[in-house]
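Visitor: Below you'll find the structure I mean.
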Amino acid sequence: MERERETTREQCLEATPRGSSYKTRIVTIRQTLVQGLSSEECTTTLSIKRVPLKAAILLLIFAFGSFTVSGTILPFTISEARKPTGTFLLTLSPSEVTLPQGANATSTISIISTQGYAGTVSLAAQFTMGSLSVSFNPNSISVQAGGTATSTMTVEAAKNASIETYSIIITGTSAVGRRVVSSSTMFTVTVNPLAGFGLYAYPYSISVVAGMTNSTSIILDSNNGFGGSVSLSATVPFGFLGVMGGQNPVTLTPAATSYTSLQVSTTSSTLSGEYNITITGASGTVSHSCILTVNVVDPVPESLTLSGSSLLSSTSMTLFLRNNGNTPITLQSYTVTDISGDQWILANWTSPTIQPGTASAAVIYIGASCEACTYNGLFGLFQEFVPGHTYTITITTKLQNQFTFNVTA
């Protein structure tokens, strides 16, 4: 038996040319087997004497597609591990925003799987200026194969951010097997001046006679698209000053102007001098102030002058009176006397109040036009104004000051 095995081994080796490759030698072995040799004998001889076990197995699998051990055929399958594939696409919506200094804006980042990609994408932002800040929520996104995942990006401009347009590169990065894949896109931010409002008093300086009142207008202007409700307040110095405002709060719409009023009152005890009232408007974190200067003066004696006259009819005449004082003048009564001394008197005169530094028209009635008048004189002698005649008119104010004027009809 041993002799037969040795003869078989020698026949196999002789059938294989020396110096041949493994593949050539295996083919030769198969040809020998066709001539009547057993696959067990040739296979056993080759694996022990000529090649390492692992290499022999691979060569035999290539040659026979199976391996014989003790008469049993064992199939082998060689499979290569599946390599990770695919990539992703990063998009932004919106891809550009405009915001004022100190404000923020958001954009939605979408990670879209392509070519079967699945994994975790890390987000980063790259820009050159330090007056912007960028954050992501979440910062890392898990994406399923064929799916889409999102993150919210928030961009905030500092209150002192430069007024310009910024370009921010948003990049998503992920490790796919032994390689790194990424996708980037551009985000544009235009920073405008801080949205707010202007606050002014017009006039910004007023005079108030002690014991009297005066008012000014408060003007609010929308700046850089500001819109909202502005609450007003006033800081008043001690000194018997009082303020009373109009509409408050004031509603502002973008690019619009709104108005309200502020009335300043004094008492007879208010000392004369200059006072500053601080008026403040506030809306959220934005506030602005302005200064109203109030000049309190002592009252002076009433001063009333005649600047002109006009005959309306035979029983009525218009006087143009000017207040030269610093307090309003209210007219209370008048007396009209002709050259004979006959008089028409109206004790309760409904007349306008003449403001300081202004002129106003006051109408004088006599005769049939003045049923409320009292006549003193010869009956029927003074019933009408006679053109070219001069009349003496005495006017009494509410403070019981009298002013007398000679008027020619």
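We name chains A, B, ... following the order of the structure tokens; residues begin at 1 in each chain, and ligands are numbered from 1 as shown.
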Can you list, as a PyMOL selection string, all residues belonging to stretch 92-153 of chain A that DSSP tags as strand (DSSP E or B)?
Guide: chain A and resi 92-93+96-100+104-114+119-126+132-137+140-143+148-153
Visitor: So which residues touch A:Ser135 within 10 Å, counting only C-alpha atoms, skipping near sequence neighbours fewer than 2 positions away, as a PyMOL selection string?
Guide: chain A and resi 106+123-125+133+137-139+152-156
Visitor: Can you tell me how far atom CA of A:Val143 sits from atom CA of A:Ala118, in Å to one decimal?
Guide: 5.5 Å
Visitor: Could you build a table of the residues in stretch 186-258 of chain A lying no more than 12 Å from stretch 262-275 of chain A, giving for each the nearest pair of atoms and their separation in Å rounded to one decimal place, using only C-alpha atoms, ordered by chain and ascending residue number, as CSV?
Guide:
```
residue,atom,partner,partner_atom,distance
A:Tyr200,CA,A:Leu262,CA,11.6
A:Ala201,CA,A:Leu262,CA,8.9
A:Tyr202,CA,A:Leu262,CA,10.1
A:Pro203,CA,A:Leu262,CA,10.9
A:Tyr204,CA,A:Leu262,CA,11.1
A:Ser205,CA,A:Glu274,CA,9.8
A:Ile206,CA,A:Val264,CA,9.1
A:Ser207,CA,A:Glu274,CA,8.9
A:Val208,CA,A:Thr266,CA,7.3
A:Val209,CA,A:Thr266,CA,7.5
A:Ala210,CA,A:Ser268,CA,5.1
A:Gly211,CA,A:Thr267,CA,3.9
A:Met212,CA,A:Thr266,CA,5.6
A:Thr213,CA,A:Ser265,CA,4.2
A:Asn214,CA,A:Val264,CA,5.4
A:Ser215,CA,A:Gln263,CA,4.1
A:Thr216,CA,A:Leu262,CA,5.5
A:Ser217,CA,A:Leu262,CA,6.1
A:Ile218,CA,A:Leu262,CA,6.8
A:Ile219,CA,A:Leu262,CA,10.5
A:Leu232,CA,A:Leu262,CA,10.3
A:Ser233,CA,A:Leu262,CA,10.4
A:Ala234,CA,A:Leu262,CA,9.4
A:Thr235,CA,A:Tyr275,CA,11.0
A:Val236,CA,A:Tyr275,CA,8.5
A:Pro237,CA,A:Tyr275,CA,7.1
A:Phe238,CA,A:Tyr275,CA,9.2
A:Gly239,CA,A:Thr270,CA,5.9
A:Phe240,CA,A:Thr270,CA,5.3
A:Leu241,CA,A:Thr266,CA,5.1
A:Gly242,CA,A:Ser265,CA,5.0
A:Val243,CA,A:Val264,CA,4.6
A:Met244,CA,A:Gln263,CA,5.1
A:Gly245,CA,A:Leu262,CA,4.4
A:Gly246,CA,A:Leu262,CA,6.2
A:Gln247,CA,A:Leu262,CA,9.3
A:Asn248,CA,A:Leu262,CA,10.5
```
Visitor: When distances are computed from only C-alpha atoms, which of A:Gly227, A:Gly281, A:Gly367, A:Pro249 shows the smallest separation from A:Leu199?
Guide: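 Smallest separation from A:Leu199 among the options: A:Gly281.
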Visitor: Which neighbours of A:Phe403 fall inside 10 Å, counting only C-alpha atoms, when residues of the same chain fewer than 3 positions from it are skipped, and could you give them as a PyMOL selection string?
Guide: chain A and resi 302-306+334+393-397+400
Visitor: Now that the selection is made, can you save its residues with N, CA and C atoms as a CSV table (one decimal), in the first residue's frame?
Guide:
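Below is the file that was written, again_30.csv:
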```csv
chain,number,residue,atom,x,y,z
A,302,GLU,N,-51.5,143.2,31.9
A,302,GLU,CA,-52.0,143.0,30.6
A,302,GLU,C,-51.7,144.2,29.7
A,303,SER,N,-51.4,143.9,28.5
A,303,SER,CA,-51.1,145.0,27.5
A,303,SER,C,-51.9,144.7,26.2
A,304,LEU,N,-52.9,145.6,25.9
A,304,LEU,CA,-53.7,145.4,24.7
A,304,LEU,C,-53.7,146.7,23.9
A,305,THR,N,-53.4,146.5,22.6
A,305,THR,CA,-53.4,147.6,21.6
A,305,THR,C,-54.3,147.4,20.5
A,306,LEU,N,-54.8,148.5,19.9
A,306,LEU,CA,-55.6,148.5,18.7
A,306,LEU,C,-54.8,148.6,17.4
A,334,TYR,N,-67.7,146.0,27.3
A,334,TYR,CA,-67.2,147.2,26.6
A,334,TYR,C,-68.2,148.3,26.7
A,393,ILE,N,-64.1,153.9,22.7
A,393,ILE,CA,-64.5,152.5,23.1
A,393,ILE,C,-63.6,152.1,24.2
A,394,THR,N,-64.2,151.7,25.3
A,394,THR,CA,-63.4,151.2,26.5
A,394,THR,C,-63.7,149.7,26.7
A,395,ILE,N,-62.6,149.0,26.7
A,395,ILE,CA,-62.7,147.5,26.9
A,395,ILE,C,-62.2,147.1,28.3
A,396,THR,N,-63.0,146.3,29.0
A,396,THR,CA,-62.6,145.8,30.3
A,396,THR,C,-62.3,144.3,30.2
A,397,THR,N,-61.1,143.8,30.7
A,397,THR,CA,-60.7,142.4,30.7
A,397,THR,C,-61.3,141.7,31.9
A,400,GLN,N,-60.1,142.8,35.1
A,400,GLN,CA,-60.6,144.1,35.4
A,400,GLN,C,-59.6,145.2,35.0
```
Visitor: Name the closest residue to A:Leu99 among the candidates A:Ala195, A:Ile169, A:Leu292, A:Ile364; distances are taken between atoms, counting only C-alpha atoms.
Guide: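 Closest residue, counting only C-alpha atoms: A:Ala195.
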Visitor: Find, counting only C-alpha atoms, the residue in A:Val286, A:Ala347, A:Val181, A:Val97 that gets nearest to A:Phe226.
Guide: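 Checking each candidate against A:Phe226, we get A:Val286 as the closest.
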Visitor: Can you tell me which residues surround A:Leu252 at a distance of at most 8 Å, considering only C-alpha atoms, apart from same-chain residues fewer than 2 positions away, and format the answer as a PDB file with N, CA and C atoms, in the first residue's frame?
Guide:
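As written to disk, out-v1.pdb reads:
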```pdb
ATOM      1  N   LEU A 220     -42.904 111.343  16.996  1.00  0.00           N
ATOM      2  CA  LEU A 220     -42.186 110.068  16.929  1.00  0.00           C
ATOM      3  C   LEU A 220     -42.063 109.645  15.476  1.00  0.00           C
ATOM      4  N   ASP A 221     -40.821 109.347  15.048  1.00  0.00           N
ATOM      5  CA  ASP A 221     -40.538 108.914  13.677  1.00  0.00           C
ATOM      6  C   ASP A 221     -40.035 107.474  13.686  1.00  0.00           C
ATOM      7  N   SER A 222     -40.564 106.637  12.783  1.00  0.00           N
ATOM      8  CA  SER A 222     -40.067 105.278  12.623  1.00  0.00           C
ATOM      9  C   SER A 222     -38.754 105.308  11.841  1.00  0.00           C
ATOM     10  N   PHE A 226     -38.863 100.357  11.794  1.00  0.00           N
ATOM     11  CA  PHE A 226     -39.425 100.075  13.121  1.00  0.00           C
ATOM     12  C   PHE A 226     -40.944 100.179  13.088  1.00  0.00           C
ATOM     13  N   GLY A 227     -41.594  99.277  13.777  1.00  0.00           N
ATOM     14  CA  GLY A 227     -43.040  99.327  13.956  1.00  0.00           C
ATOM     15  C   GLY A 227     -43.391  98.761  15.313  1.00  0.00           C
ATOM     16  N   GLY A 228     -44.298  99.406  16.015  1.00  0.00           N
ATOM     17  CA  GLY A 228     -44.679  98.912  17.332  1.00  0.00           C
ATOM     18  C   GLY A 228     -45.285  99.997  18.197  1.00  0.00           C
ATOM     19  N   SER A 229     -45.477  99.661  19.457  1.00  0.00           N
ATOM     20  CA  SER A 229     -46.094 100.573  20.421  1.00  0.00           C
ATOM     21  C   SER A 229     -45.010 101.217  21.278  1.00  0.00           C
ATOM     22  N   VAL A 230     -45.067 102.539  21.409  1.00  0.00           N
ATOM     23  CA  VAL A 230     -44.074 103.284  22.195  1.00  0.00           C
ATOM     24  C   VAL A 230     -44.774 103.914  23.396  1.00  0.00           C
ATOM     25  N   VAL A 250     -48.150 105.402  22.060  1.00  0.00           N
ATOM     26  CA  VAL A 250     -48.298 105.818  20.666  1.00  0.00           C
ATOM     27  C   VAL A 250     -47.919 104.646  19.767  1.00  0.00           C
ATOM     28  N   PRO A 254     -44.092 101.146  10.315  1.00  0.00           N
ATOM     29  CA  PRO A 254     -42.825 101.367   9.602  1.00  0.00           C
ATOM     30  C   PRO A 254     -42.899 102.550   8.641  1.00  0.00           C
ATOM     31  N   ALA A 256     -43.376 105.625   9.197  1.00  0.00           N
ATOM     32  CA  ALA A 256     -44.436 106.602   9.463  1.00  0.00           C
ATOM     33  C   ALA A 256     -44.042 107.526  10.617  1.00  0.00           C
ATOM     34  N   THR A 257     -44.851 108.584  10.809  1.00  0.00           N
ATOM     35  CA  THR A 257     -44.658 109.547  11.891  1.00  0.00           C
ATOM     36  C   THR A 257     -45.956 109.681  12.673  1.00  0.00           C
ATOM     37  N   SER A 258     -45.851 109.721  13.997  1.00  0.00           N
ATOM     38  CA  SER A 258     -47.024 109.884  14.857  1.00  0.00           C
ATOM     39  C   SER A 258     -46.800 111.067  15.793  1.00  0.00           C
TER      40      SER A 258
END
```
